[in-house]
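Colleague: Supplied in structure tokens, the structure appears directly below.
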Amino acid sequence: MANFMRYLNRHYHQWCHRVGLGLLGFGLALVLTVLPLQMAHGSSGDRAPSFPITPTIESASVLLSEGRSLYETGQFRAAVQTWQSAAQAFEQSGHIPQQIISLNHVSSAYQALSQWSEAERAIAQSLDLLTTNPEVASPILWAQTLNTHANLLLNLGQGEAAVETWTQSTTYYEAAGDVAGSVGSQINQAQALKSLGFYRRARQSLQTLNEQLGTMPDSNIKLSALRSLGQALHLMGYPQDSYTVLAYALDLARSLEAQPEISSILLSIGNLAAEVESADIALSYFDLAAQTATIPIDQLQAQLAIFATYVENGRTQPASALMPQIHQQIKSLPPSRATIYGTVNFVNNVLRLQEQPSAVWLQELHLLLAHAIEFAQEHQDGRSHAHALRQMGQLYAVNQQLSDALELTAKSLDIARSIQAKDVIYQAAWQLGQLEKQQGRKENAIAAYTEAVEALQALRSDLAAVNPEYQFSYREQVEPVYRDLVSLLITNHKSASLTQAREVLEALQVAELDNFFREACLDIQADQIAIDQVDPNATVLYSVILPDRLAIIYSQRDRPLQVYETPVDATTVEQTLRDFLASIHPSSDRRESLKIAETIYDWLVRPLETRGAIAPDQTLVFISDGLLRNIPLAALYDGEQYLIEKYAVALSPGLQLMQSRTFGDQGIKALVGGISQARGAFHALPAVIKEVKTISQLVGTSAILDQALTRESLTQTLQGAPINVVHLATHGQFSSNFSETYVLAWDGLVNINELSEILRNREGMTNQAIELLTLSACETAAGDERSALGLAGLAVRSGARSTVATLWPIRDNAAAQLMIEFYTQLKLAQTSKAEALRQAQLSLLHGGDFNDPFFWSAYVMIGNWL
């Protein structure tokens, strides 16, 4: 530590010189040496408290208690050593149950430190003691040990084993009469089920648990369980259910006068409101949480939430006014992991608020981070240490001390690597890449960015839960990593660099879907094929919107990748795309709409034609970025013709596609259903009757209409026959919030996870894939610029080889006409799905009543187009 203290001391003097501060009274070495470290129960640093040479049960119990205090204040390394000493003391005194408890705690602390092999050894010792000493193996000991083991298994990616272990744990908790333990174990089990894709089971489990809690008498145990359940529902993507449970918990907390719980619940509701409601509603809850907090760290968390919300929404004045108060709060709190994360959070948001803080604030932020670094280093908390060092590096970068910033950031990265903390690795590597790029070292920057992307890919399903104390933001802290790396790579125009750029774009698509579902949802399977190997007559276009240009990488079978770029900034691109969407309506100025459509055509397609890279009647497959996903590509215009008049068009969410066959080879075996009557807020779709009945006759199946179209009928029909086509003519919505992506059945809304599970889990039908899923009356959520993620998410999650859907609602008789022609074309031998859709669209374009692009261009084909 001495070497690093000297390093900070040396650079602190340079810092003071740069920001114009006098050194008198601001010696960093003095601050570091006199900082009071308040250790629980008189322990000091990482030294485990001593105990007599002949340990007694009393001294060992003291160690067990001291370990808990250390753990609760974030001093995990000290907690490990203290609990290890307790375990040794209990072993020497012959108290096996307490030894098992101590080893369980050791495993938990090692898990908090991301030291998985050590955590495994500790829990293995506990399990061995339980097995070999059945006379002391009480239900509660088994329950607690299995709970700790299950958590470790989930962290190690063994979801199925974790579910099974939590099921056993719950049984033991119930046998021991431990209600809180049982509830916690069931919540954990539900989250593990969701990670494995069993969404209905997970939700049913939580609903059952909620019902059980409702019958319990009011108590603090019930209150704690409700709060945990509400937070779990939010994390799992059920915001309305989460709010209902948290509101109930808040009423109970008030009736029980449980003040600490009130503040915590208000903070949880505020976080929920920030996601699904508005900043003002979130702020009202955060304010209440701060006012009612009885524990200083809870008050800090509430104030940090307020500050972050101000910064996020550009409310500079109230944010600036709050800064001194939070600064003083952090200074007054005893050091812990929570205060380190609070410090990093605060400094990060100050730098978002003020690109160049004043000299006084720069010094104060520097001192806060210096305290955090010292505490983390003294307690060997690698994760906190790496975070604080990285943030200090950013602070030095803001002050234009780039070489010092590089050194601090590199040290942060080294520590993160040593503990395999992928979440910290990606942030430190990303920052290192930015610093290298600033200094013109392109290859170093690419290497650092590549490491950041690899760390993000390793995280996958953990992204939604990465450092909640740090208020992780996907849009600000994940997407730019991928885009920055692509921007660096494509400037080379070399084949290897373009290949890597394409892989990074694929990783970005996957990351967006993972974030949409709050879990890893897209993995390469045995029956998948690389997209550029699907069709020798197809050209695949990968777009990326960069700050200063629009880039297109294109791929053709057995040819090297090529790239072309248009020097147009992202703001112009996005506004043009918005204008185009707004112009797609029969009442709009057709000439203006065509002018915009031609501009976008010039960006995306014209360069291919100029190079002679494509010929008429080929298929163009777009892997689109950002707002490009939302536009009707079929309606792009070359000055004389629409794109769909020249080429078949398909979309893909990624580089890998499920293998598919034309229906001329296998015939159509369809489930065809729809809702024609009004249901609640959803208006009637009378033409659905004709659409469903005509298509049913075309493909030789029975129609499932209105009251007959329920969750149960969908499940039974799919499980009872070798269905390869599912056609649903019913209201639906695609949203960037997966809880608001659904289709309408007679018995209610079926969300994306429920529908996907119904489509995928067909008993005895493992060899019969769903070749085509058609949703003919759906729409993207109004005002949601990322709503196409919902459409891509459904296409991926459903398991269907191809999905046809609409970007906006169109007149139901126009939909019926187009869909009937689509299935007529599909029945023709060797007709691809994309070509069938193209011909159906052309039938409207050249037909008469519905020739406006509004009616035919809303339909898109996603996935395998053959």
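So you can find residues: chains in the structure tokens are A, B, ... in the order shown, residues in each start at 1, and ligands are numbered from 1 in order.
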Could you please write out, as a PyMOL selection string, every residue of stretch 338-496 of chain A that DSSP assigns to alpha helix (DSSP H)?
Modeller: chain A and resi 338-353+359-378+382-398+402-418+422-438+442-459+474-477+479-490+495-496
Colleague: From the options A:Ala708, A:Leu435, A:Ile695, A:Ile425, which residue's atoms come nearest to A:Leu459, counting only C-alpha atoms?
Modeller: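 Among A:Ala708, A:Leu435, A:Ile695, A:Ile425, it is A:Ile425 that comes nearest to A:Leu459.
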Colleague: Find the residues near A:Ala769: any atom within 8 Å, counting only C-alpha atoms, skip ones fewer than 6 places away on the same chain, and give them as a list in words.
Modeller: Ile723, Asn724, Gly799, Ala800 and Arg801 of chain A
Colleague: Write to file, as a PDB file, in the first residue's frame, the residues of the selection just made, with C-alpha atoms.
Modeller:
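What follows is the written file part.pdb:
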```pdb
ATOM      1  CA  ILE A 723     -48.060 -27.296 -36.572  1.00  0.00           C
ATOM      2  CA  ASN A 724     -45.489 -25.404 -38.682  1.00  0.00           C
ATOM      3  CA  GLY A 799     -38.271 -20.059 -31.853  1.00  0.00           C
ATOM      4  CA  ALA A 800     -40.081 -19.484 -35.177  1.00  0.00           C
ATOM      5  CA  ARG A 801     -37.834 -19.629 -38.234  1.00  0.00           C
TER       6      ARG A 801
END
```
Colleague: Can you tell me which residues surround A:Val804 at a distance of at most 9 Å, considering only C-alpha atoms, apart from same-chain residues fewer than 5 positions away, and format the answer as JSON, numbers by chain?
Modeller: {"A": [772, 773, 774, 775, 776, 795, 837, 859, 860, 861, 862, 863]}
Colleague: Name the closest residue to A:Ala180 among the candidates A:Gln707, A:Asn155, A:Ser224, A:Thr824; distances are taken between atoms, counting only C-alpha atoms.
Modeller: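 That would be A:Ser224, the residue with the smallest distance to A:Ala180.
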Colleague: Just checking: using only C-alpha atoms, which residue out of A:Trp746, A:Leu685, A:Ile668, A:Gln733 ends up closest to A:Thr701?
Modeller: A:Ile668
Colleague: Identify, on the basis of only C-alpha atoms, every residue whose closest approach to A:Leu267 does not exceed 12 Å; exclude the query and any residue fewer than 4 positions from it along the same chain; express the result as a ChimeraX atom specification.
Modeller: /A:227,230-231,243,246-247,250,260-263,271-274,281-293,298-306
Colleague: Report the distance between atom CA of A:Glu506 and atom CA of A:Gly433 in Å, rounded to one decimal place.
Modeller: 20.3 Å
Colleague: Could you state the separation of atom CA of A:Ala112 and atom CA of A:Gln191 in Å, given to one decimal place?
Modeller: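 About the pair atom CA of A:Ala112 and atom CA of A:Gln191: they are 18.7 Å apart.
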Colleague: Between atom CA of A:Leu152 and atom CA of A:Gln111, what is the spacing in Å?
Modeller: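 Calculated distance between atom CA of A:Gln111 and atom CA of A:Leu152 is 7.1 Å.
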Colleague: Check the smallest atom-to-atom distance from each of A:Asn751, A:Thr741, A:Thr780, A:Ser832 to A:Ile631 using only C-alpha atoms, then report the winner.
Modeller: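 The closest residue to A:Ile631 is A:Thr780.
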Colleague: With only C-alpha atoms as the counted atoms, please give the residues lying no more than 7 Å from A:Lys833, apart from itself and same-chain residues fewer than 3 positions off, as a JSON list (two decimals) with all heavy atoms, in the first residue's frame.
Modeller:
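Heads up, here's the output in out28.json:
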```
[["chain", "number", "residue", "atom", "x", "y", "z"],
["A", 826, "LEU", "N", -47.45, -18.40, -50.81],
["A", 826, "LEU", "CA", -46.65, -19.36, -50.04],
["A", 826, "LEU", "C", -46.87, -20.80, -50.51],
["A", 826, "LEU", "O", -45.97, -21.62, -50.42],
["A", 826, "LEU", "CB", -47.01, -19.27, -48.56],
["A", 826, "LEU", "CG", -46.21, -18.33, -47.67],
["A", 826, "LEU", "CD1", -46.64, -18.50, -46.22],
["A", 826, "LEU", "CD2", -44.71, -18.58, -47.79],
["A", 836, "ALA", "N", -42.88, -14.28, -51.27],
["A", 836, "ALA", "CA", -44.34, -14.33, -51.11],
["A", 836, "ALA", "C", -44.86, -13.03, -50.50],
["A", 836, "ALA", "O", -45.88, -12.49, -50.95],
["A", 836, "ALA", "CB", -44.72, -15.52, -50.22],
["A", 837, "LEU", "N", -44.17, -12.51, -49.51],
["A", 837, "LEU", "CA", -44.58, -11.25, -48.91],
["A", 837, "LEU", "C", -44.43, -10.11, -49.92],
["A", 837, "LEU", "O", -45.30, -9.23, -50.02],
["A", 837, "LEU", "CB", -43.76, -10.96, -47.66],
["A", 837, "LEU", "CG", -44.11, -9.65, -46.93],
["A", 837, "LEU", "CD1", -45.56, -9.64, -46.47],
["A", 837, "LEU", "CD2", -43.18, -9.43, -45.73],
["A", 865, "TRP", "N", -35.66, -15.96, -44.54],
["A", 865, "TRP", "CA", -36.55, -15.49, -45.60],
["A", 865, "TRP", "C", -36.87, -16.55, -46.64],
["A", 865, "TRP", "O", -37.67, -16.32, -47.54],
["A", 865, "TRP", "CB", -35.92, -14.28, -46.30],
["A", 865, "TRP", "CG", -34.57, -14.55, -46.87],
["A", 865, "TRP", "CD1", -34.28, -14.97, -48.14],
["A", 865, "TRP", "CD2", -33.32, -14.46, -46.19],
["A", 865, "TRP", "NE1", -32.93, -15.13, -48.30],
["A", 865, "TRP", "CE2", -32.31, -14.81, -47.12],
["A", 865, "TRP", "CE3", -32.94, -14.10, -44.91],
["A", 865, "TRP", "CZ2", -30.96, -14.83, -46.77],
["A", 865, "TRP", "CZ3", -31.60, -14.11, -44.57],
["A", 865, "TRP", "CH2", -30.62, -14.47, -45.50],
["A", 866, "LEU", "N", -36.21, -17.73, -46.55],
["A", 866, "LEU", "CA", -36.43, -18.76, -47.57],
["A", 866, "LEU", "C", -37.76, -19.49, -47.37],
["A", 866, "LEU", "O", -38.34, -19.49, -46.31],
["A", 866, "LEU", "CB", -35.28, -19.77, -47.53],
["A", 866, "LEU", "CG", -33.93, -19.22, -47.99],
["A", 866, "LEU", "CD1", -32.87, -20.32, -47.92],
["A", 866, "LEU", "CD2", -34.02, -18.65, -49.40]]
```
Colleague: May I ask which of the residues A:Ser587, A:Ala143, A:Val478, A:His379 is the closest one to A:Asp514, counting only C-alpha atoms?
Modeller: A:Val478
Colleague: Which residues come within 12 Å of stretch 782-789 of chain A, counting only C-alpha atoms, excluding same-chain residues fewer than 4 positions away, as an NGL selection string?
Modeller: :A and (475 or 509-517 or 574-575 or 577-578 or 581-582 or 624-632 or 651-653 or 733-741 or 752 or 778 or 793-797 or 805-809 or 860 or 862)
Colleague: How would the residues just chosen look if you wrote them out with N, CA and C atoms as a compact mmCIF listing (two decimals), in the first residue's frame?
Modeller:
```
# COMPACT_ATOMS: atom_id res chain seq x y z
N ARG A 475 -28.06 2.27 -21.74
CA ARG A 475 -27.93 3.18 -22.88
C ARG A 475 -26.65 3.99 -22.84
N GLN A 509 -26.32 -6.25 -31.25
CA GLN A 509 -27.71 -6.70 -31.42
C GLN A 509 -28.12 -7.63 -30.28
N VAL A 510 -27.22 -8.56 -29.96
CA VAL A 510 -27.50 -9.51 -28.88
C VAL A 510 -27.62 -8.79 -27.54
N ALA A 511 -26.72 -7.83 -27.29
CA ALA A 511 -26.74 -7.09 -26.03
C ALA A 511 -28.04 -6.31 -25.88
N GLU A 512 -28.53 -5.74 -26.97
CA GLU A 512 -29.79 -4.99 -26.90
C GLU A 512 -30.95 -5.91 -26.56
N LEU A 513 -30.96 -7.10 -27.13
CA LEU A 513 -32.02 -8.05 -26.82
C LEU A 513 -31.89 -8.59 -25.40
N ASP A 514 -30.65 -8.83 -24.96
CA ASP A 514 -30.45 -9.25 -23.57
C ASP A 514 -30.99 -8.18 -22.62
N ASN A 515 -30.69 -6.93 -22.92
CA ASN A 515 -31.17 -5.83 -22.08
C ASN A 515 -32.69 -5.74 -22.12
N PHE A 516 -33.27 -5.97 -23.29
CA PHE A 516 -34.72 -5.95 -23.45
C PHE A 516 -35.38 -7.00 -22.55
N PHE A 517 -34.82 -8.21 -22.56
CA PHE A 517 -35.40 -9.29 -21.78
C PHE A 517 -34.86 -9.36 -20.35
N GLU A 574 -31.11 10.52 -37.69
CA GLU A 574 -32.27 10.18 -36.87
C GLU A 574 -33.46 11.09 -37.15
N GLN A 575 -33.22 12.36 -37.39
CA GLN A 575 -34.32 13.26 -37.70
C GLN A 575 -34.93 12.93 -39.06
N LEU A 577 -35.04 9.97 -40.40
CA LEU A 577 -35.83 8.75 -40.22
C LEU A 577 -37.16 9.07 -39.55
N ARG A 578 -37.15 9.97 -38.57
CA ARG A 578 -38.41 10.37 -37.93
C ARG A 578 -39.35 11.04 -38.94
N LEU A 581 -40.93 8.42 -41.19
CA LEU A 581 -42.03 7.71 -40.53
C LEU A 581 -43.28 8.56 -40.46
N ALA A 582 -43.11 9.84 -40.13
CA ALA A 582 -44.26 10.73 -40.02
C ALA A 582 -44.95 10.95 -41.36
N SER A 624 -30.38 -3.99 -39.00
CA SER A 624 -30.43 -2.53 -38.86
C SER A 624 -30.11 -2.07 -37.45
N ASP A 625 -29.71 -0.82 -37.39
CA ASP A 625 -29.28 -0.21 -36.14
C ASP A 625 -30.24 0.91 -35.76
N GLY A 626 -30.52 1.02 -34.46
CA GLY A 626 -31.28 2.16 -33.94
C GLY A 626 -32.61 2.38 -34.63
N LEU A 627 -32.88 3.64 -35.00
CA LEU A 627 -34.16 4.00 -35.61
C LEU A 627 -34.36 3.38 -36.99
N LEU A 628 -33.27 2.90 -37.61
CA LEU A 628 -33.43 2.23 -38.90
C LEU A 628 -34.32 1.00 -38.79
N ARG A 629 -34.42 0.43 -37.58
CA ARG A 629 -35.29 -0.74 -37.38
C ARG A 629 -36.76 -0.38 -37.53
N ASN A 630 -37.10 0.88 -37.28
CA ASN A 630 -38.50 1.27 -37.23
C ASN A 630 -39.09 1.65 -38.58
N ILE A 631 -38.23 1.90 -39.57
CA ILE A 631 -38.76 2.42 -40.83
C ILE A 631 -39.17 1.29 -41.78
N PRO A 632 -40.16 1.54 -42.64
CA PRO A 632 -40.59 0.54 -43.63
C PRO A 632 -39.64 0.55 -44.82
N LEU A 651 -35.62 -8.72 -42.74
CA LEU A 651 -34.87 -8.19 -41.60
C LEU A 651 -34.33 -9.36 -40.80
N SER A 652 -33.24 -9.12 -40.09
CA SER A 652 -32.69 -10.15 -39.20
C SER A 652 -32.19 -9.50 -37.93
N PRO A 653 -32.41 -10.17 -36.78
CA PRO A 653 -31.88 -9.63 -35.53
C PRO A 653 -30.43 -10.01 -35.27
N GLN A 733 -49.02 -5.48 -29.49
CA GLN A 733 -48.13 -4.33 -29.42
C GLN A 733 -46.70 -4.78 -29.21
N PHE A 734 -45.78 -4.10 -29.89
CA PHE A 734 -44.35 -4.30 -29.67
C PHE A 734 -43.81 -3.05 -29.00
N SER A 735 -43.09 -3.23 -27.91
CA SER A 735 -42.57 -2.11 -27.14
C SER A 735 -41.14 -2.38 -26.73
N SER A 736 -40.39 -1.31 -26.41
CA SER A 736 -39.03 -1.50 -25.89
C SER A 736 -39.05 -2.04 -24.47
N ASN A 737 -40.23 -2.03 -23.83
CA ASN A 737 -40.42 -2.63 -22.52
C ASN A 737 -41.10 -3.97 -22.73
N PHE A 738 -40.39 -5.06 -22.43
CA PHE A 738 -40.96 -6.35 -22.80
C PHE A 738 -42.24 -6.67 -22.04
N SER A 739 -42.47 -6.03 -20.88
CA SER A 739 -43.72 -6.26 -20.16
C SER A 739 -44.90 -5.63 -20.88
N GLU A 740 -44.62 -4.75 -21.86
CA GLU A 740 -45.68 -4.11 -22.64
C GLU A 740 -45.69 -4.61 -24.07
N THR A 741 -45.06 -5.75 -24.32
CA THR A 741 -45.10 -6.40 -25.63
C THR A 741 -46.00 -7.63 -25.49
N ILE A 752 -44.99 -11.34 -24.10
CA ILE A 752 -44.02 -11.96 -25.01
C ILE A 752 -43.42 -13.24 -24.45
N CYS A 778 -50.81 -6.33 -35.42
CA CYS A 778 -50.04 -5.74 -34.32
C CYS A 778 -49.48 -4.38 -34.72
N GLY A 793 -37.36 -9.04 -30.43
CA GLY A 793 -37.35 -9.93 -29.28
C GLY A 793 -38.30 -11.09 -29.44
N LEU A 794 -39.51 -10.81 -29.95
CA LEU A 794 -40.48 -11.88 -30.17
C LEU A 794 -39.98 -12.84 -31.24
N ALA A 795 -39.39 -12.29 -32.31
CA ALA A 795 -38.89 -13.14 -33.38
C ALA A 795 -37.83 -14.10 -32.86
N VAL A 796 -36.97 -13.61 -31.97
CA VAL A 796 -35.91 -14.45 -31.41
C VAL A 796 -36.45 -15.44 -30.40
N ARG A 797 -37.26 -14.93 -29.47
CA ARG A 797 -37.70 -15.75 -28.35
C ARG A 797 -38.70 -16.83 -28.75
N ALA A 805 -44.88 -9.48 -39.32
CA ALA A 805 -45.66 -8.62 -38.42
C ALA A 805 -45.78 -7.24 -39.04
N THR A 806 -46.56 -6.38 -38.40
CA THR A 806 -46.79 -5.03 -38.90
C THR A 806 -46.18 -4.00 -37.96
N LEU A 807 -45.64 -2.92 -38.54
CA LEU A 807 -45.04 -1.86 -37.76
C LEU A 807 -46.07 -0.89 -37.20
N TRP A 808 -47.24 -0.83 -37.84
CA TRP A 808 -48.33 0.02 -37.34
C TRP A 808 -49.65 -0.61 -37.75
N PRO A 809 -50.75 -0.25 -37.11
CA PRO A 809 -52.05 -0.84 -37.46
C PRO A 809 -52.55 -0.29 -38.79
N VAL A 860 -43.39 -6.55 -42.36
CA VAL A 860 -41.97 -6.87 -42.40
C VAL A 860 -41.77 -8.36 -42.15
N ILE A 862 -39.08 -11.04 -40.65
CA ILE A 862 -37.91 -11.12 -39.77
C ILE A 862 -37.47 -12.57 -39.67
```
Colleague: Would you list, as a PDB file with N, CA, C and O atoms, in the first residue's frame, the residues of stretch 471-554 of chain A that end up in strand (DSSP E or B) under DSSP run on this structure's backbone?
Modeller:
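Final output, selection_11.pdb:
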```
ATOM      1  N   GLN A 528     -28.579 -23.770 -36.338  1.00  0.00           N
ATOM      2  CA  GLN A 528     -28.451 -22.433 -36.895  1.00  0.00           C
ATOM      3  C   GLN A 528     -27.366 -22.398 -37.952  1.00  0.00           C
ATOM      4  O   GLN A 528     -26.447 -23.217 -37.971  1.00  0.00           O
ATOM      5  N   ILE A 529     -27.480 -21.412 -38.844  1.00  0.00           N
ATOM      6  CA  ILE A 529     -26.555 -21.267 -39.947  1.00  0.00           C
ATOM      7  C   ILE A 529     -26.167 -19.803 -40.064  1.00  0.00           C
ATOM      8  O   ILE A 529     -26.973 -18.911 -39.770  1.00  0.00           O
ATOM      9  N   ALA A 530     -24.937 -19.541 -40.489  1.00  0.00           N
ATOM     10  CA  ALA A 530     -24.490 -18.167 -40.675  1.00  0.00           C
ATOM     11  C   ALA A 530     -25.347 -17.489 -41.734  1.00  0.00           C
ATOM     12  O   ALA A 530     -25.642 -18.077 -42.786  1.00  0.00           O
ATOM     13  N   ALA A 538     -28.625 -13.568 -51.962  1.00  0.00           N
ATOM     14  CA  ALA A 538     -28.967 -12.514 -51.003  1.00  0.00           C
ATOM     15  C   ALA A 538     -27.739 -11.676 -50.668  1.00  0.00           C
ATOM     16  O   ALA A 538     -26.605 -12.167 -50.679  1.00  0.00           O
ATOM     17  N   THR A 539     -27.990 -10.417 -50.374  1.00  0.00           N
ATOM     18  CA  THR A 539     -26.961  -9.512 -49.877  1.00  0.00           C
ATOM     19  C   THR A 539     -27.382  -9.045 -48.495  1.00  0.00           C
ATOM     20  O   THR A 539     -28.524  -8.608 -48.296  1.00  0.00           O
ATOM     21  N   VAL A 540     -26.472  -9.160 -47.528  1.00  0.00           N
ATOM     22  CA  VAL A 540     -26.778  -8.790 -46.145  1.00  0.00           C
ATOM     23  C   VAL A 540     -26.121  -7.451 -45.852  1.00  0.00           C
ATOM     24  O   VAL A 540     -24.924  -7.259 -46.112  1.00  0.00           O
ATOM     25  N   LEU A 541     -26.911  -6.509 -45.330  1.00  0.00           N
ATOM     26  CA  LEU A 541     -26.415  -5.168 -45.024  1.00  0.00           C
ATOM     27  C   LEU A 541     -26.477  -4.916 -43.527  1.00  0.00           C
ATOM     28  O   LEU A 541     -27.551  -4.997 -42.917  1.00  0.00           O
ATOM     29  N   TYR A 542     -25.319  -4.617 -42.930  1.00  0.00           N
ATOM     30  CA  TYR A 542     -25.224  -4.325 -41.503  1.00  0.00           C
ATOM     31  C   TYR A 542     -25.022  -2.815 -41.356  1.00  0.00           C
ATOM     32  O   TYR A 542     -24.003  -2.282 -41.798  1.00  0.00           O
ATOM     33  N   SER A 543     -25.958  -2.146 -40.755  1.00  0.00           N
ATOM     34  CA  SER A 543     -25.855  -0.691 -40.611  1.00  0.00           C
ATOM     35  C   SER A 543     -25.427  -0.327 -39.195  1.00  0.00           C
ATOM     36  O   SER A 543     -25.728  -1.037 -38.236  1.00  0.00           O
ATOM     37  N   VAL A 544     -24.733   0.801 -39.068  1.00  0.00           N
ATOM     38  CA  VAL A 544     -24.407   1.327 -37.746  1.00  0.00           C
ATOM     39  C   VAL A 544     -24.421   2.850 -37.838  1.00  0.00           C
ATOM     40  O   VAL A 544     -23.777   3.434 -38.720  1.00  0.00           O
ATOM     41  N   ILE A 545     -25.178   3.468 -36.951  1.00  0.00           N
ATOM     42  CA  ILE A 545     -25.263   4.925 -36.896  1.00  0.00           C
ATOM     43  C   ILE A 545     -24.192   5.417 -35.928  1.00  0.00           C
ATOM     44  O   ILE A 545     -24.280   5.173 -34.720  1.00  0.00           O
ATOM     45  N   LEU A 546     -23.180   6.097 -36.463  1.00  0.00           N
ATOM     46  CA  LEU A 546     -22.082   6.628 -35.665  1.00  0.00           C
ATOM     47  C   LEU A 546     -22.250   8.133 -35.516  1.00  0.00           C
ATOM     48  O   LEU A 546     -23.000   8.759 -36.277  1.00  0.00           O
ATOM     49  N   ARG A 549     -21.102   9.701 -38.930  1.00  0.00           N
ATOM     50  CA  ARG A 549     -21.349   9.073 -40.222  1.00  0.00           C
ATOM     51  C   ARG A 549     -22.273   7.873 -40.073  1.00  0.00           C
ATOM     52  O   ARG A 549     -22.450   7.339 -38.977  1.00  0.00           O
ATOM     53  N   LEU A 550     -22.816   7.480 -41.216  1.00  0.00           N
ATOM     54  CA  LEU A 550     -23.618   6.255 -41.295  1.00  0.00           C
ATOM     55  C   LEU A 550     -22.800   5.245 -42.088  1.00  0.00           C
ATOM     56  O   LEU A 550     -22.391   5.517 -43.226  1.00  0.00           O
ATOM     57  N   ALA A 551     -22.536   4.099 -41.494  1.00  0.00           N
ATOM     58  CA  ALA A 551     -21.702   3.083 -42.144  1.00  0.00           C
ATOM     59  C   ALA A 551     -22.529   1.843 -42.449  1.00  0.00           C
ATOM     60  O   ALA A 551     -23.390   1.444 -41.650  1.00  0.00           O
ATOM     61  N   ILE A 552     -22.263   1.243 -43.617  1.00  0.00           N
ATOM     62  CA  ILE A 552     -22.908  -0.001 -44.029  1.00  0.00           C
ATOM     63  C   ILE A 552     -21.824  -1.005 -44.401  1.00  0.00           C
ATOM     64  O   ILE A 552     -21.009  -0.766 -45.294  1.00  0.00           O
ATOM     65  N   ILE A 553     -21.786  -2.116 -43.679  1.00  0.00           N
ATOM     66  CA  ILE A 553     -20.947  -3.249 -44.073  1.00  0.00           C
ATOM     67  C   ILE A 553     -21.859  -4.219 -44.812  1.00  0.00           C
ATOM     68  O   ILE A 553     -22.941  -4.543 -44.325  1.00  0.00           O
ATOM     69  N   TYR A 554     -21.436  -4.671 -45.985  1.00  0.00           N
ATOM     70  CA  TYR A 554     -22.302  -5.621 -46.687  1.00  0.00           C
ATOM     71  C   TYR A 554     -21.563  -6.914 -46.986  1.00  0.00           C
ATOM     72  O   TYR A 554     -20.348  -6.945 -47.160  1.00  0.00           O
TER      73      TYR A 554
END
```
Colleague: Check the smallest atom-to-atom distance from each of A:Thr730, A:Glu754, A:Glu66, A:Glu712 to A:Arg203 using only C-alpha atoms, then report the winner.
Modeller: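 Closest to A:Arg203 of all the choices is A:Glu754.
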